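Before any comments, here is the structure.
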Amino acid sequence: MNLLADLADLRQQCQTWRAQGLTVALVPTMGFLHAGHLSLFDHARGLADRLVVSIFVNPTQFGPNEDLDRYPRDLPRDLELARAHGVDLVFAPEAGAMYAPDHATWVDVPELGRGLCGASRPGHFRGVCTVVAKLFGLVRPDVAVFGEKDWQQLAILGRMTRDLELGVTIVGRPIFREPDGLAMSSRNVYLTPDERASAPAIRQGLLLVQQAVRGGEVDAAKLGLMFRSHLAEKLPMARVDYADFVHPEALTPVARVDAPTLLAVAVFLGSVRLIDNILLEV
Ligand code: AMP
């Protein structure tokens, strides 16, 4: 497995592969890898001849009061996991190499980025789109794989790729969970033992709503209240940032759950912000 930090080296290696007629898959990450990331690698491995993984805690997608400085990092461990999962190349640049001091170009999909996480994290998706567009420009992958845990991100990147004709096939993969249902996240390590023990209530709340929808309830306001009261009871230390019912692709608010609808939630446990979602079937 190759480890590169230099942008020109990455570009050259990927160019060489393409010249040899090999296809390339890309999985962008911020590192501190867990089984959710690895499930993306395993899937991507089968989609192309070569697999590139980027590990980059992208500063432009963090707000001034967010956890950029304390975002967990462990590159040696990440490299071992990547090697064990058949990654051909890990790209782990310094922030200064990715962004020139006079970097001035931004990619934004405001229409899809206004609600959900975009509302509480202004500028977040502009940073995500810009770094992913840069990675696409460097690697020029045939296919890129993202997790449905970040559903809004996946929808936005799909739209960006289509609208800008970037020629990359975007593939989404299901949320990988701990055995008790908590969605895997690099941020889970920051939960206190109490918070960690109660955190599966988020997933249980989503399933409760799914059950009510199957039972015929269509009123999103009522269903939202059901999720919030479940959390208030089972996870009283939580603060719900949002619990929104939206169209799965347009991400526009939905009042009646009478067609497939995404319930997306973000919950603060102390200072740790966890997200999860469920595609409600009617
Ligand atoms: P991150 O390192 O958090 O930026 O995530 C990198 C990629 O892994 C993104 O496409 C995420 O959606 C995906 N991912 C993160 N957690 C999970 C999970 N629990 N299951 C599946 N994919 C995930």
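Ligands are numbered from 1 in the order shown, residues from 1 within each chain, and chains are lettered A, B, ... in the order they appear in the structure tokens.
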
### Query
Residues at most 8 Å from Gly86 (chain A), counting only C-alpha atoms, excluding those fewer than 4 positions away in the same chain, as a list in words?
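So, after excluding close chain neighbours, the residues are Phe41, Asp42, Arg45, Leu51 and Ala82 of chain A.
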
For those residues, write N, CA and C atoms to a file as a PDB file, in the first residue's frame.
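So the final result, stored in again-v9.pdb, reads:
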ATOM      1  N   PHE A  41     -14.801   0.685   2.215  1.00  0.00           N
ATOM      2  CA  PHE A  41     -13.598   0.211   1.497  1.00  0.00           C
ATOM      3  C   PHE A  41     -13.885  -1.150   0.855  1.00  0.00           C
ATOM      4  N   ASP A  42     -14.486  -2.057   1.651  1.00  0.00           N
ATOM      5  CA  ASP A  42     -14.732  -3.411   1.155  1.00  0.00           C
ATOM      6  C   ASP A  42     -15.628  -3.372  -0.077  1.00  0.00           C
ATOM      7  N   ARG A  45     -13.717  -1.694  -3.093  1.00  0.00           N
ATOM      8  CA  ARG A  45     -12.693  -2.632  -3.589  1.00  0.00           C
ATOM      9  C   ARG A  45     -13.227  -3.427  -4.790  1.00  0.00           C
ATOM     10  N   LEU A  51      -8.013   1.107  -5.433  1.00  0.00           N
ATOM     11  CA  LEU A  51      -8.795   1.801  -4.401  1.00  0.00           C
ATOM     12  C   LEU A  51      -7.943   2.861  -3.713  1.00  0.00           C
ATOM     13  N   ALA A  82      -6.406   0.210   6.735  1.00  0.00           N
ATOM     14  CA  ALA A  82      -6.561   0.395   5.284  1.00  0.00           C
ATOM     15  C   ALA A  82      -5.827  -0.721   4.545  1.00  0.00           C
TER      16      ALA A  82
END

### Query
Using only C-alpha atoms and all ligand atoms, what are the residues with an atom within 6 Å of ligand 1, set out as JSON, numbers by chain?
{"A": [28, 29, 30, 31, 36, 37, 146, 147, 148, 149, 150, 174, 175, 176, 177, 183, 184, 185]}

### Message
as number ranges by chain, please: every residue in region 28-231 of chain A that DSSP puts in strand (DSSP E or B).
### Response
A: 28-29, 50-55, 89-91, 143-147, 169-173, 177, 183, 219

### Task
Would you list, as a VMD selection string, the residues of region 14-222 of chain A that end up in helix (DSSP H, G or I) under DSSP run on this structure's backbone?
chain A and resid 14 to 19 35 to 45 59 to 61 75 to 84 95 to 98 110 to 113 116 to 120 124 to 139 148 to 163 186 to 190 193 to 198 201 to 214 220 to 222

### Task
Tell me which protein, DNA and RNA residues are within 6 Å of Thr261 (chain A), counting only C-alpha atoms, leaving out same-chain ones fewer than 5 positions away, and put them as a VMD selection string.
chain A and resid 246 to 248 279 to 280

### Message
Residues near region 118-130 of chain A, anyone? I mean within 8 Å using only C-alpha atoms, not counting same-chain ones fewer than 4 positions away, as a ChimeraX atom specification.
### Response
/A:58-63,105-109,113-114,134,153,156-157,160,241

### Message
Show me, as number ranges by chain, the residues that have an atom within 8 Å of Ala155 (chain A) when counting only C-alpha atoms, minus same-chain residues fewer than 3 positions from it.
### Response
A: 112, 151-152, 158-159, 249

### Task
Quote the spacing between CA of Thr161 (chain A) and CA of Leu135 (chain A) in Å to one decimal place.
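We find that CA of Thr161 (chain A) and CA of Leu135 (chain A) lie 12.2 Å from each other.
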
### Task
Find the residues near Phe268 (chain A): any atom within 7 Å, counting only C-alpha atoms, skip ones fewer than 2 places away on the same chain, and give them as a VMD selection string.
chain A and resid 238 to 241 266 270 to 274

Okay, now the selection with N, CA and C atoms, as an mmCIF file, in the first residue's frame?
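Output saved as result20.cif:
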data_model
loop_
_atom_site.group_PDB
_atom_site.id
_atom_site.type_symbol
_atom_site.label_atom_id
_atom_site.label_comp_id
_atom_site.auth_asym_id
_atom_site.auth_seq_id
_atom_site.Cartn_x
_atom_site.Cartn_y
_atom_site.Cartn_z
ATOM 1 N N ALA A 238 -29.946 14.287 26.399
ATOM 2 C CA ALA A 238 -29.758 14.679 25.000
ATOM 3 C C ALA A 238 -30.468 15.983 24.681
ATOM 4 N N ARG A 239 -29.906 16.721 23.721
ATOM 5 C CA ARG A 239 -30.601 17.881 23.161
ATOM 6 C C ARG A 239 -30.762 17.619 21.660
ATOM 7 N N VAL A 240 -32.027 17.607 21.228
ATOM 8 C CA VAL A 240 -32.277 17.344 19.806
ATOM 9 C C VAL A 240 -31.968 18.607 19.008
ATOM 10 N N ASP A 241 -30.998 18.519 18.107
ATOM 11 C CA ASP A 241 -30.663 19.655 17.247
ATOM 12 C C ASP A 241 -31.745 19.781 16.174
ATOM 13 N N ALA A 266 -30.282 14.945 14.341
ATOM 14 C CA ALA A 266 -28.982 15.267 14.935
ATOM 15 C C ALA A 266 -29.246 15.525 16.406
ATOM 16 N N GLY A 270 -24.024 16.022 25.497
ATOM 17 C CA GLY A 270 -22.946 16.908 25.929
ATOM 18 C C GLY A 270 -22.522 17.734 24.739
ATOM 19 N N SER A 271 -21.221 17.729 24.451
ATOM 20 C CA SER A 271 -20.759 18.531 23.320
ATOM 21 C C SER A 271 -20.616 17.680 22.060
ATOM 22 N N VAL A 272 -20.969 16.392 22.153
ATOM 23 C CA VAL A 272 -20.823 15.499 21.004
ATOM 24 C C VAL A 272 -22.122 15.514 20.198
ATOM 25 N N ARG A 273 -21.971 15.788 18.908
ATOM 26 C CA ARG A 273 -23.150 15.849 18.046
ATOM 27 C C ARG A 273 -23.193 14.577 17.205
ATOM 28 N N LEU A 274 -24.286 13.806 17.380
ATOM 29 C CA LEU A 274 -24.437 12.552 16.659
ATOM 30 C C LEU A 274 -25.556 12.693 15.636
#
